[in-house]
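The file run36.txt comes next; it holds compact mmCIF, C-alpha atoms.
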# COMPACT_ATOMS: atom_id res chain seq x y z
CA MET A 1 -48.19 162.02 -149.99
CA GLN A 2 -45.15 161.82 -152.27
CA TRP A 3 -46.44 160.97 -155.75
CA ASP A 4 -43.27 159.40 -157.11
CA ALA A 5 -42.44 157.42 -153.98
CA ARG A 6 -45.89 156.21 -152.91
CA ILE A 7 -48.00 156.08 -156.05
CA GLY A 8 -46.14 156.72 -159.29
CA ARG A 9 -44.07 153.56 -159.04
CA LYS A 10 -46.73 151.38 -157.46
CA ILE A 11 -49.96 151.93 -159.40
CA LYS A 12 -49.82 150.69 -162.97
CA LEU A 13 -52.31 150.99 -165.81
CA ARG A 14 -52.79 147.23 -165.60
CA ASP A 15 -53.90 147.59 -161.97
CA LEU A 16 -56.42 150.31 -162.88
CA HIS A 17 -57.70 148.10 -165.69
CA ILE A 18 -58.19 145.26 -163.21
CA LEU A 19 -60.06 147.58 -160.81
CA LEU A 20 -62.43 148.70 -163.59
CA ALA A 21 -63.06 145.08 -164.61
CA VAL A 22 -63.84 144.04 -161.03
CA VAL A 23 -66.34 146.87 -160.56
CA GLN A 24 -68.02 146.19 -163.89
CA ALA A 25 -68.25 142.44 -163.21
CA ARG A 26 -69.08 142.98 -159.49
CA SER A 27 -66.85 139.99 -158.80
CA MET A 28 -63.12 139.30 -158.62
CA ALA A 29 -63.61 135.79 -159.97
CA LYS A 30 -65.62 136.99 -162.99
CA ALA A 31 -63.13 139.78 -163.62
CA GLY A 32 -60.32 137.23 -163.59
CA ILE A 33 -62.11 135.14 -166.20
CA GLN A 34 -62.69 138.18 -168.43
CA LEU A 35 -59.05 139.26 -168.12
CA ALA A 36 -57.68 135.71 -168.41
CA VAL A 37 -55.82 135.98 -165.09
CA SER A 38 -56.23 134.09 -161.82
CA GLN A 39 -58.44 135.36 -158.99
CA PRO A 40 -55.43 135.55 -156.61
CA ALA A 41 -53.69 137.83 -159.14
CA VAL A 42 -56.75 140.09 -159.21
CA SER A 43 -56.96 140.16 -155.41
CA LYS A 44 -53.25 140.95 -155.15
CA ALA A 45 -53.49 143.87 -157.59
CA ILE A 46 -56.40 145.38 -155.65
CA ALA A 47 -54.70 144.85 -152.30
CA GLU A 48 -51.48 146.50 -153.51
CA MET A 49 -53.40 149.55 -154.75
CA GLU A 50 -55.25 149.83 -151.44
CA HIS A 51 -51.94 149.58 -149.58
CA ALA A 52 -50.29 152.24 -151.79
CA LEU A 53 -53.23 154.65 -151.36
CA GLY A 54 -53.91 153.83 -147.73
CA VAL A 55 -57.68 153.54 -148.26
CA PRO A 56 -60.11 150.70 -149.09
CA LEU A 57 -61.22 150.73 -152.73
CA LEU A 58 -63.81 147.94 -152.64
CA ASP A 59 -66.51 146.66 -150.31
CA ARG A 60 -67.29 142.93 -150.40
CA GLY A 61 -70.93 142.14 -149.61
CA SER A 62 -73.76 139.73 -150.31
CA ARG A 63 -74.59 141.60 -153.54
CA GLY A 64 -71.05 141.31 -154.84
CA VAL A 65 -68.18 143.77 -154.99
CA GLU A 66 -69.00 147.49 -154.81
CA PRO A 67 -66.57 150.44 -155.00
CA THR A 68 -66.14 152.57 -151.88
CA ARG A 69 -66.25 156.35 -152.20
CA TYR A 70 -62.46 156.20 -152.62
CA GLY A 71 -62.86 153.55 -155.30
CA ARG A 72 -65.46 155.61 -157.15
CA ALA A 73 -63.15 158.64 -157.15
CA LEU A 74 -60.28 156.58 -158.58
CA ILE A 75 -62.50 154.91 -161.16
CA LYS A 76 -63.85 158.28 -162.35
CA ARG A 77 -60.33 159.52 -163.03
CA SER A 78 -59.19 156.18 -164.46
CA LEU A 79 -61.88 156.35 -167.15
CA VAL A 80 -60.45 159.70 -168.20
CA VAL A 81 -56.91 158.27 -168.28
CA PHE A 82 -57.87 155.36 -170.51
CA ASP A 83 -59.99 157.58 -172.75
CA GLU A 84 -57.13 160.04 -173.23
CA LEU A 85 -54.75 157.19 -174.07
CA LYS A 86 -57.23 155.85 -176.60
CA GLN A 87 -57.57 159.32 -178.10
CA GLY A 88 -53.78 159.60 -178.27
CA ILE A 89 -53.53 156.31 -180.16
CA LYS A 90 -56.25 157.50 -182.56
CA GLU A 91 -54.31 160.71 -183.15
CA ILE A 92 -51.10 158.77 -183.86
CA GLU A 93 -53.01 156.59 -186.33
CA PHE A 94 -54.47 159.69 -187.96
CA LEU A 95 -51.05 161.35 -188.24
CA SER A 96 -49.59 158.22 -189.81
CA ASP A 97 -52.55 157.90 -192.22
CA PRO A 98 -55.28 160.60 -192.15
CA THR A 99 -57.63 158.44 -194.24
CA VAL A 100 -57.98 155.72 -191.58
CA GLY A 101 -59.77 155.77 -188.24
CA GLU A 102 -63.01 155.32 -186.33
CA ILE A 103 -65.28 157.83 -184.63
CA CYS A 104 -68.25 157.17 -182.33
CA ILE A 105 -71.17 159.61 -182.61
CA GLY A 106 -74.33 159.87 -180.55
CA SER A 107 -77.40 161.14 -182.37
CA THR A 108 -81.16 161.24 -182.07
CA GLU A 109 -83.01 159.13 -184.63
CA PRO A 110 -84.23 162.00 -186.87
CA LEU A 111 -80.75 163.53 -187.03
CA SER A 112 -79.21 160.12 -187.76
CA ALA A 113 -81.55 159.66 -190.71
CA GLY A 114 -80.76 163.10 -192.13
CA LEU A 115 -77.86 165.33 -191.15
CA VAL A 116 -75.57 162.61 -189.77
CA THR A 117 -76.13 160.44 -192.85
CA SER A 118 -75.20 163.36 -195.12
CA VAL A 119 -72.02 164.10 -193.14
CA ILE A 120 -70.97 160.44 -193.20
CA ASP A 121 -71.61 160.25 -196.94
CA ARG A 122 -69.43 163.30 -197.58
CA LEU A 123 -66.59 162.25 -195.27
CA SER A 124 -66.51 158.64 -196.44
CA SER A 125 -66.18 159.88 -200.03
CA GLN A 126 -63.15 161.95 -199.03
CA HIS A 127 -61.70 159.35 -196.64
CA PRO A 128 -62.88 155.87 -197.76
CA LEU A 129 -61.18 154.04 -194.89
CA MET A 130 -62.85 156.07 -192.15
CA SER A 131 -65.41 154.14 -190.13
CA PHE A 132 -68.32 155.48 -188.11
CA GLN A 133 -70.19 154.08 -185.13
CA VAL A 134 -73.54 155.82 -184.62
CA VAL A 135 -75.34 155.35 -181.30
CA GLN A 136 -78.99 156.42 -181.29
CA GLY A 137 -81.09 157.46 -178.33
CA ASP A 138 -82.93 160.30 -176.66
CA PRO A 139 -80.89 163.42 -175.78
CA ALA A 140 -80.66 162.64 -172.04
CA THR A 141 -79.30 159.14 -172.70
CA LEU A 142 -76.87 160.35 -175.35
CA LEU A 143 -75.49 163.06 -173.08
CA ARG A 144 -74.98 160.47 -170.35
CA TYR A 145 -73.00 158.39 -172.87
CA LEU A 146 -70.96 161.51 -173.66
CA GLY A 147 -70.25 162.10 -169.96
CA GLU A 148 -69.14 158.48 -169.65
CA ARG A 149 -66.91 158.96 -172.72
CA ASN A 150 -68.67 156.23 -174.68
CA VAL A 151 -69.27 158.65 -177.56
CA GLU A 152 -67.16 161.63 -178.62
CA ILE A 153 -69.82 163.87 -180.14
CA VAL A 154 -73.58 164.16 -179.63
CA LEU A 155 -76.02 165.80 -182.03
CA ALA A 156 -79.44 166.40 -180.52
CA ARG A 157 -82.29 168.84 -180.09
CA MET A 158 -81.46 171.19 -177.23
CA SER A 159 -83.65 172.05 -174.28
CA ASP A 160 -83.07 173.83 -170.99
CA ARG A 161 -82.66 170.45 -169.30
CA CYS A 162 -80.03 169.28 -171.79
CA VAL A 163 -77.14 171.61 -171.09
CA ASP A 164 -74.56 170.37 -168.57
CA GLU A 165 -71.83 172.58 -167.11
CA HIS A 166 -69.19 170.03 -168.09
CA MET A 167 -70.18 170.11 -171.76
CA ASN A 168 -69.82 172.43 -174.71
CA ALA A 169 -73.14 173.02 -176.46
CA ASP A 170 -72.86 174.72 -179.86
CA ILE A 171 -75.97 175.56 -181.87
CA LEU A 172 -75.85 174.26 -185.45
CA PHE A 173 -79.19 175.71 -186.54
CA GLU A 174 -82.71 176.52 -185.38
CA ASP A 175 -85.34 173.97 -186.35
CA THR A 176 -89.14 173.90 -186.40
CA ALA A 177 -91.68 171.13 -186.66
CA VAL A 178 -93.53 170.52 -189.92
CA VAL A 179 -96.67 168.55 -190.66
CA VAL A 180 -95.90 165.86 -193.24
CA ALA A 181 -97.90 163.56 -195.48
CA GLY A 182 -97.13 160.97 -198.12
CA ALA A 183 -97.24 161.89 -201.80
CA GLN A 184 -100.53 159.96 -202.16
CA SER A 185 -102.32 161.77 -199.35
CA ARG A 186 -105.49 163.68 -200.25
CA TRP A 187 -104.13 166.59 -198.24
CA MET A 188 -101.36 167.12 -200.78
CA ARG A 189 -103.98 168.60 -203.14
CA ARG A 190 -105.04 171.26 -200.64
CA ARG A 191 -103.33 174.66 -200.64
CA GLN A 192 -104.93 176.14 -197.54
CA ILE A 193 -104.90 173.95 -194.43
CA THR A 194 -105.02 174.67 -190.72
CA LEU A 195 -103.96 172.33 -187.94
CA ALA A 196 -107.60 172.23 -186.80
CA ASP A 197 -108.53 170.59 -190.13
CA LEU A 198 -106.32 167.61 -189.30
CA VAL A 199 -107.20 166.66 -185.73
CA THR A 200 -109.37 163.69 -186.77
CA GLU A 201 -106.75 162.22 -189.11
CA ARG A 202 -104.64 159.17 -188.36
CA TRP A 203 -101.46 160.47 -186.77
CA VAL A 204 -98.05 158.85 -186.32
CA PHE A 205 -96.42 160.44 -183.27
CA TYR A 206 -93.23 160.20 -181.25
CA ALA A 207 -93.62 159.10 -177.62
CA PRO A 208 -95.39 161.92 -175.73
CA ASP A 209 -92.65 162.07 -173.05
CA SER A 210 -89.85 162.48 -175.61
CA ILE A 211 -88.45 165.91 -176.46
CA PHE A 212 -90.07 165.96 -179.90
CA GLY A 213 -93.25 164.47 -178.47
CA ARG A 214 -93.48 167.55 -176.25
CA VAL A 215 -92.81 169.76 -179.27
CA VAL A 216 -95.78 168.17 -181.06
CA ALA A 217 -98.04 168.69 -178.04
CA LYS A 218 -96.95 172.33 -177.90
CA ALA A 219 -97.80 172.83 -181.58
CA PHE A 220 -101.42 171.79 -181.00
CA HIS A 221 -101.70 173.62 -177.67
CA ASP A 222 -100.44 176.89 -179.18
CA ASN A 223 -103.12 176.58 -181.84
CA GLY A 224 -105.80 176.18 -179.18
CA LEU A 225 -106.19 172.45 -179.80
CA GLU A 226 -105.93 169.25 -177.79
CA SER A 227 -103.38 166.79 -179.13
CA PRO A 228 -105.15 164.21 -181.34
CA ARG A 229 -105.22 160.56 -180.44
CA ALA A 230 -102.18 158.83 -181.92
CA ALA A 231 -102.92 156.01 -184.34
CA VAL A 232 -99.29 154.91 -184.03
CA ILE A 233 -96.53 155.88 -181.59
CA THR A 234 -93.02 155.05 -182.79
CA SER A 235 -89.50 156.44 -182.89
CA SER A 236 -88.70 154.39 -186.01
CA HIS A 237 -87.98 156.53 -189.04
CA SER A 238 -88.50 153.63 -191.44
CA MET A 239 -91.91 152.73 -189.96
CA ARG A 240 -93.00 156.35 -190.05
CA THR A 241 -92.04 156.80 -193.70
CA SER A 242 -93.69 153.50 -194.67
CA LEU A 243 -96.95 154.52 -192.99
CA LEU A 244 -96.88 157.96 -194.60
CA ALA A 245 -96.23 156.39 -198.00
CA THR A 246 -99.66 154.70 -197.85
CA GLY A 247 -101.28 158.14 -198.00
CA HIS A 248 -103.48 157.30 -194.99
CA PHE A 249 -101.41 158.85 -192.19
CA LEU A 250 -100.00 162.21 -191.12
CA SER A 251 -97.10 163.01 -188.85
CA MET A 252 -94.90 165.82 -187.54
CA LEU A 253 -91.19 165.83 -188.16
CA PRO A 254 -88.29 168.16 -187.49
CA ALA A 255 -87.91 170.29 -190.62
CA HIS A 256 -84.29 169.18 -191.03
CA ALA A 257 -85.34 165.52 -191.23
CA LEU A 258 -87.73 166.34 -194.04
CA LYS A 259 -85.09 168.30 -195.95
CA PHE A 260 -82.59 165.46 -195.94
CA SER A 261 -84.90 162.49 -196.47
CA ALA A 262 -88.01 163.72 -198.30
CA LYS A 263 -86.78 162.94 -201.81
CA HIS A 264 -86.04 159.34 -200.78
CA ALA A 265 -89.10 158.73 -198.64
CA GLY A 266 -91.82 160.45 -200.71
CA MET A 267 -92.78 162.75 -197.83
CA ARG A 268 -93.93 166.33 -198.28
CA ALA A 269 -94.65 169.17 -195.88
CA LEU A 270 -98.17 170.53 -195.72
CA PRO A 271 -98.55 174.36 -195.85
CA ILE A 272 -98.89 174.89 -192.09
CA GLU A 273 -96.59 177.25 -190.18
CA LEU A 274 -95.61 176.26 -186.62
CA PRO A 275 -93.26 179.06 -185.48
CA SER A 276 -93.69 178.33 -181.77
CA THR A 277 -91.99 174.94 -182.20
CA LYS A 278 -88.62 176.47 -183.06
CA GLN A 279 -85.75 174.94 -181.05
CA PRO A 280 -81.97 174.81 -181.52
CA ILE A 281 -80.19 171.71 -182.75
CA GLY A 282 -76.99 171.35 -180.79
CA LEU A 283 -73.59 169.73 -181.15
CA PHE A 284 -72.29 168.59 -177.75
CA THR A 285 -68.74 167.75 -176.66
CA LEU A 286 -67.01 167.44 -173.29
CA LYS A 287 -65.24 170.61 -172.15
CA ASN A 288 -62.06 168.96 -170.86
CA ARG A 289 -61.75 166.29 -173.51
CA VAL A 290 -59.30 166.85 -176.35
CA LEU A 291 -61.11 165.93 -179.54
CA SER A 292 -59.56 163.41 -181.89
CA PRO A 293 -58.65 164.70 -185.37
CA LEU A 294 -61.46 162.59 -186.84
CA ALA A 295 -63.97 164.14 -184.45
CA GLN A 296 -62.84 167.60 -185.51
CA LEU A 297 -63.24 166.56 -189.15
CA PHE A 298 -66.77 165.38 -188.42
CA ILE A 299 -67.67 168.61 -186.59
CA ASP A 300 -66.29 170.82 -189.37
CA CYS A 301 -68.20 168.82 -191.97
CA ALA A 302 -71.42 168.89 -189.89
CA ARG A 303 -71.24 172.67 -189.68
CA GLU A 304 -70.72 172.90 -193.44
CA VAL A 305 -73.63 170.58 -194.22
CA ALA A 306 -75.88 172.45 -191.75
CA LYS A 307 -75.13 175.92 -193.18
CA PRO A 308 -78.19 176.01 -195.48
CA LEU A 309 -80.40 175.19 -192.46
CA ALA A 310 -78.89 177.99 -190.38
CA ARG A 311 -79.96 180.72 -192.78
Render the structure in this file as structure tokens.
Amino acid sequence: MQWDARIGRKIKLRDLHILLAVVQARSMAKAGIQLAVSQPAVSKAIAEMEHALGVPLLDRGSRGVEPTRYGRALIKRSLVVFDELKQGIKEIEFLSDPTVGEICIGSTEPLSAGLVTSVIDRLSSQHPLMSFQVVQGDPATLLRYLGERNVEIVLARMSDRCVDEHMNADILFEDTAVVVAGAQSRWMRRRQITLADLVTERWVFYAPDSIFGRVVAKAFHDNGLESPRAAVITSSHSMRTSLLATGHFLSMLPAHALKFSAKHAGMRALPIELPSTKQPIGLFTLKNRVLSPLAQLFIDCAREVAKPLAR
């Protein structure tokens, strides 16, 4: 197949954009409405691409429009094309004015409340016109967003199941779990405490099937204990800190979250060592994706902010 003769002059970015819209909407008519073009124009663009490539790109069925295996292959590469163009425009904007731009970051909730907040505070002081979009979720979801190029950087707790061959995974620091209580808790007056002393307390836990939920279960198991019954299960940082502030609840947190937010939330760590809960906190990027200048700024700043935790 001659690229210039058969494809280069016949497939335009507009046509690829139409194909993506049709697949997302699962309908040519709906795609036409979204793109403000007629359905015949959509059908013509798809038909011309199919003719140029010599393969069907879409299947029309009772459930709507679905991409064929050829369509899926083209869509996969098209997402990369549009992402690289977007990154190029961001880089041009940065070169014309390094203080302006937007970056999209994926982060777990504890890291968002601590490390990511500190990085944003520092960068926004240096570059007041920078803007940040922070997407929260569990590591598996965030890494899927990264693979789909919906976020540029992910910060999350690493596990063996996290690392993907198409991603760079750099360790920022090693983190352990800590047992935390509010400043009014009766346990704050005790200097010698074991985990066994606390099993009958009211606990605020993460979901047991989450990565940190499994870390919590491991902490009790490694101390020869069954995990206590959770009084509250939540991923909300604000709810957790509000419950701890009453003095009636205990929880486990990543040590980094306590370091960054303790002075604002009134939380304190109890004197219990949990060395078996140590896990790396990772910074993930795509291997074949050129980072925007703003993303590199964010990464450099994150490493600087995390230095005290890496010691």
Listing only residues of region 185-235 of chain A within 12 Å of region 136-139 of chain A, what is the closest atom pair and its distance in Å (to one decimal) for each, using all atoms listed in the file, sorted by chain and residue number ascending, as a Markdown table?
| residue | atom | partner | partner_atom | distance |
| --- | --- | --- | --- | --- |
| A:Tyr206 | CA | A:Asp138 | CA | 11.3 |
| A:Ala207 | CA | A:Asp138 | CA | 10.8 |
| A:Asp209 | CA | A:Asp138 | CA | 10.5 |
| A:Ser210 | CA | A:Asp138 | CA | 7.3 |
| A:Ile211 | CA | A:Asp138 | CA | 7.9 |
| A:Phe212 | CA | A:Asp138 | CA | 9.7 |
| A:Gly213 | CA | A:Asp138 | CA | 11.3 |
| A:Ser235 | CA | A:Gly137 | CA | 9.6 |
Those same residues, written as a PDB file, in the coordinates of the input with C-alpha atoms?
ATOM      1  CA  TYR A 206     -93.230 160.200-181.250  1.00  0.00           C
ATOM      2  CA  ALA A 207     -93.620 159.100-177.620  1.00  0.00           C
ATOM      3  CA  ASP A 209     -92.650 162.070-173.050  1.00  0.00           C
ATOM      4  CA  SER A 210     -89.850 162.480-175.610  1.00  0.00           C
ATOM      5  CA  ILE A 211     -88.450 165.910-176.460  1.00  0.00           C
ATOM      6  CA  PHE A 212     -90.070 165.960-179.900  1.00  0.00           C
ATOM      7  CA  GLY A 213     -93.250 164.470-178.470  1.00  0.00           C
ATOM      8  CA  SER A 235     -89.500 156.440-182.890  1.00  0.00           C
TER       9      SER A 235
END
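Candidate residues A:Val180, A:Ile153, A:Ile11, A:Ala36 were compared for distance to Ile299 (chain A), and the nearest is A:Ile153, using all atoms listed in the file.
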Write out as a PyMOL selection string each polymer residue whose atoms come within 12 Å of Leu95 (chain A), counting only C-alpha atoms; drop sequence neighbours fewer than 5 positions from it.
-> chain A and resi 88-90+100-101+292-294
For region 74-146 of chain A against region 16-19 of chain A, with a cut-off of 9 Å and counting only C-alpha atoms, what is the closest atom pair and its distance in Å to one decimal for every residue that makes the cut, ordered by chain and number, as CSV?
residue,atom,partner,partner_atom,distance
A:Leu74,CA,A:Leu16,CA,8.5
A:Ile75,CA,A:Leu19,CA,7.7
A:Ser78,CA,A:Leu16,CA,6.7
A:Phe82,CA,A:His17,CA,8.7
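The shortest atom-to-atom distance to Glu201 (chain A), with all atoms listed in the file taken into account, belongs to A:Phe249 out of A:Phe173, A:Phe94, A:Phe220, A:Phe249.
For the pair CA of Leu155 (chain A) and CA of Met252 (chain A), the interatomic distance is 19.7 Å.
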8 Å contact set for Asn168 (chain A), only C-alpha atoms, chain neighbours under 3 positions out, as a list in words = Glu165, Leu283, Phe284, Thr285, Leu286 and Lys287 of chain A
Output C-alpha atoms for every residue in that selection, as a tab-separated table (two decimals), in the frame of the given file.
chain	number	residue	atom	x	y	z
A	165	GLU	CA	-71.83	172.58	-167.11
A	283	LEU	CA	-73.59	169.73	-181.15
A	284	PHE	CA	-72.29	168.59	-177.75
A	285	THR	CA	-68.74	167.75	-176.66
A	286	LEU	CA	-67.01	167.44	-173.29
A	287	LYS	CA	-65.24	170.61	-172.15
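In terms of minimum interatomic distance to Ile103 (chain A), A:Gln87 ranks closest within A:Gln87, A:Ser159, A:Thr194, A:Thr241, counting only C-alpha atoms.
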For region 123-152 of chain A, which lacks atoms in the input, supply N, CA and C atoms and format the output as a PDB file, in the frame of the given file.
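Output (rebuild-v9.pdb):
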ATOM      1  N   LEU A 123     -67.908 162.583-195.804  1.00  0.00           N
ATOM      2  CA  LEU A 123     -66.590 162.250-195.270  1.00  0.00           C
ATOM      3  C   LEU A 123     -66.069 160.917-195.812  1.00  0.00           C
ATOM      4  N   SER A 124     -66.961 159.944-195.947  1.00  0.00           N
ATOM      5  CA  SER A 124     -66.510 158.640-196.440  1.00  0.00           C
ATOM      6  C   SER A 124     -66.082 158.706-197.907  1.00  0.00           C
ATOM      7  N   SER A 125     -66.628 159.681-198.641  1.00  0.00           N
ATOM      8  CA  SER A 125     -66.180 159.880-200.030  1.00  0.00           C
ATOM      9  C   SER A 125     -64.768 160.447-200.054  1.00  0.00           C
ATOM     10  N   GLN A 126     -64.480 161.331-199.093  1.00  0.00           N
ATOM     11  CA  GLN A 126     -63.150 161.950-199.030  1.00  0.00           C
ATOM     12  C   GLN A 126     -62.132 161.026-198.364  1.00  0.00           C
ATOM     13  N   HIS A 127     -62.595 160.234-197.390  1.00  0.00           N
ATOM     14  CA  HIS A 127     -61.700 159.350-196.640  1.00  0.00           C
ATOM     15  C   HIS A 127     -62.328 157.953-196.589  1.00  0.00           C
ATOM     16  N   PRO A 128     -62.168 157.155-197.643  1.00  0.00           N
ATOM     17  CA  PRO A 128     -62.880 155.870-197.760  1.00  0.00           C
ATOM     18  C   PRO A 128     -62.621 154.876-196.644  1.00  0.00           C
ATOM     19  N   LEU A 129     -61.496 155.003-195.944  1.00  0.00           N
ATOM     20  CA  LEU A 129     -61.180 154.040-194.890  1.00  0.00           C
ATOM     21  C   LEU A 129     -61.623 154.488-193.511  1.00  0.00           C
ATOM     22  N   MET A 130     -62.269 155.655-193.423  1.00  0.00           N
ATOM     23  CA  MET A 130     -62.850 156.070-192.150  1.00  0.00           C
ATOM     24  C   MET A 130     -64.035 155.182-191.823  1.00  0.00           C
ATOM     25  N   SER A 131     -64.237 154.903-190.551  1.00  0.00           N
ATOM     26  CA  SER A 131     -65.410 154.140-190.130  1.00  0.00           C
ATOM     27  C   SER A 131     -66.149 154.916-189.047  1.00  0.00           C
ATOM     28  N   PHE A 132     -67.461 154.699-188.985  1.00  0.00           N
ATOM     29  CA  PHE A 132     -68.320 155.480-188.110  1.00  0.00           C
ATOM     30  C   PHE A 132     -69.201 154.539-187.286  1.00  0.00           C
ATOM     31  N   GLN A 133     -69.243 154.776-185.998  1.00  0.00           N
ATOM     32  CA  GLN A 133     -70.190 154.080-185.130  1.00  0.00           C
ATOM     33  C   GLN A 133     -71.205 155.105-184.663  1.00  0.00           C
ATOM     34  N   VAL A 134     -72.479 154.878-184.978  1.00  0.00           N
ATOM     35  CA  VAL A 134     -73.540 155.820-184.620  1.00  0.00           C
ATOM     36  C   VAL A 134     -74.431 155.186-183.571  1.00  0.00           C
ATOM     37  N   VAL A 135     -74.507 155.813-182.413  1.00  0.00           N
ATOM     38  CA  VAL A 135     -75.340 155.350-181.300  1.00  0.00           C
ATOM     39  C   VAL A 135     -76.577 156.241-181.241  1.00  0.00           C
ATOM     40  N   GLN A 136     -77.760 155.648-181.319  1.00  0.00           N
ATOM     41  CA  GLN A 136     -78.990 156.420-181.290  1.00  0.00           C
ATOM     42  C   GLN A 136     -79.649 156.366-179.919  1.00  0.00           C
ATOM     43  N   GLY A 137     -80.376 157.419-179.593  1.00  0.00           N
ATOM     44  CA  GLY A 137     -81.090 157.460-178.330  1.00  0.00           C
ATOM     45  C   GLY A 137     -81.735 158.815-178.133  1.00  0.00           C
ATOM     46  N   ASP A 138     -82.370 158.991-176.991  1.00  0.00           N
ATOM     47  CA  ASP A 138     -82.930 160.300-176.660  1.00  0.00           C
ATOM     48  C   ASP A 138     -81.804 161.188-176.148  1.00  0.00           C
ATOM     49  N   PRO A 139     -81.978 162.519-176.169  1.00  0.00           N
ATOM     50  CA  PRO A 139     -80.890 163.420-175.780  1.00  0.00           C
ATOM     51  C   PRO A 139     -80.315 163.139-174.397  1.00  0.00           C
ATOM     52  N   ALA A 140     -81.170 162.868-173.395  1.00  0.00           N
ATOM     53  CA  ALA A 140     -80.660 162.640-172.040  1.00  0.00           C
ATOM     54  C   ALA A 140     -79.737 161.424-171.997  1.00  0.00           C
ATOM     55  N   THR A 141     -80.126 160.341-172.666  1.00  0.00           N
ATOM     56  CA  THR A 141     -79.300 159.140-172.700  1.00  0.00           C
ATOM     57  C   THR A 141     -77.992 159.382-173.430  1.00  0.00           C
ATOM     58  N   LEU A 142     -78.069 160.080-174.558  1.00  0.00           N
ATOM     59  CA  LEU A 142     -76.870 160.350-175.350  1.00  0.00           C
ATOM     60  C   LEU A 142     -75.876 161.215-174.585  1.00  0.00           C
ATOM     61  N   LEU A 143     -76.383 162.200-173.846  1.00  0.00           N
ATOM     62  CA  LEU A 143     -75.490 163.060-173.080  1.00  0.00           C
ATOM     63  C   LEU A 143     -74.862 162.306-171.901  1.00  0.00           C
ATOM     64  N   ARG A 144     -75.588 161.326-171.382  1.00  0.00           N
ATOM     65  CA  ARG A 144     -74.980 160.470-170.350  1.00  0.00           C
ATOM     66  C   ARG A 144     -73.849 159.647-170.961  1.00  0.00           C
ATOM     67  N   TYR A 145     -74.066 159.127-172.171  1.00  0.00           N
ATOM     68  CA  TYR A 145     -73.000 158.390-172.870  1.00  0.00           C
ATOM     69  C   TYR A 145     -71.786 159.304-173.101  1.00  0.00           C
ATOM     70  N   LEU A 146     -72.050 160.566-173.438  1.00  0.00           N
ATOM     71  CA  LEU A 146     -70.960 161.510-173.660  1.00  0.00           C
ATOM     72  C   LEU A 146     -70.181 161.734-172.364  1.00  0.00           C
ATOM     73  N   GLY A 147     -70.903 161.912-171.249  1.00  0.00           N
ATOM     74  CA  GLY A 147     -70.250 162.100-169.960  1.00  0.00           C
ATOM     75  C   GLY A 147     -69.426 160.900-169.541  1.00  0.00           C
ATOM     76  N   GLU A 148     -69.868 159.706-169.951  1.00  0.00           N
ATOM     77  CA  GLU A 148     -69.140 158.480-169.650  1.00  0.00           C
ATOM     78  C   GLU A 148     -68.056 158.173-170.669  1.00  0.00           C
ATOM     79  N   ARG A 149     -67.915 159.061-171.667  1.00  0.00           N
ATOM     80  CA  ARG A 149     -66.910 158.960-172.720  1.00  0.00           C
ATOM     81  C   ARG A 149     -67.108 157.741-173.612  1.00  0.00           C
ATOM     82  N   ASN A 150     -68.357 157.330-173.776  1.00  0.00           N
ATOM     83  CA  ASN A 150     -68.670 156.230-174.680  1.00  0.00           C
ATOM     84  C   ASN A 150     -68.911 156.729-176.099  1.00  0.00           C
ATOM     85  N   VAL A 151     -69.206 158.008-176.250  1.00  0.00           N
ATOM     86  CA  VAL A 151     -69.270 158.650-177.560  1.00  0.00           C
ATOM     87  C   VAL A 151     -68.446 159.930-177.471  1.00  0.00           C
ATOM     88  N   GLU A 152     -68.015 160.436-178.621  1.00  0.00           N
ATOM     89  CA  GLU A 152     -67.160 161.630-178.620  1.00  0.00           C
ATOM     90  C   GLU A 152     -67.942 162.893-178.944  1.00  0.00           C
TER      91      GLU A 152
END
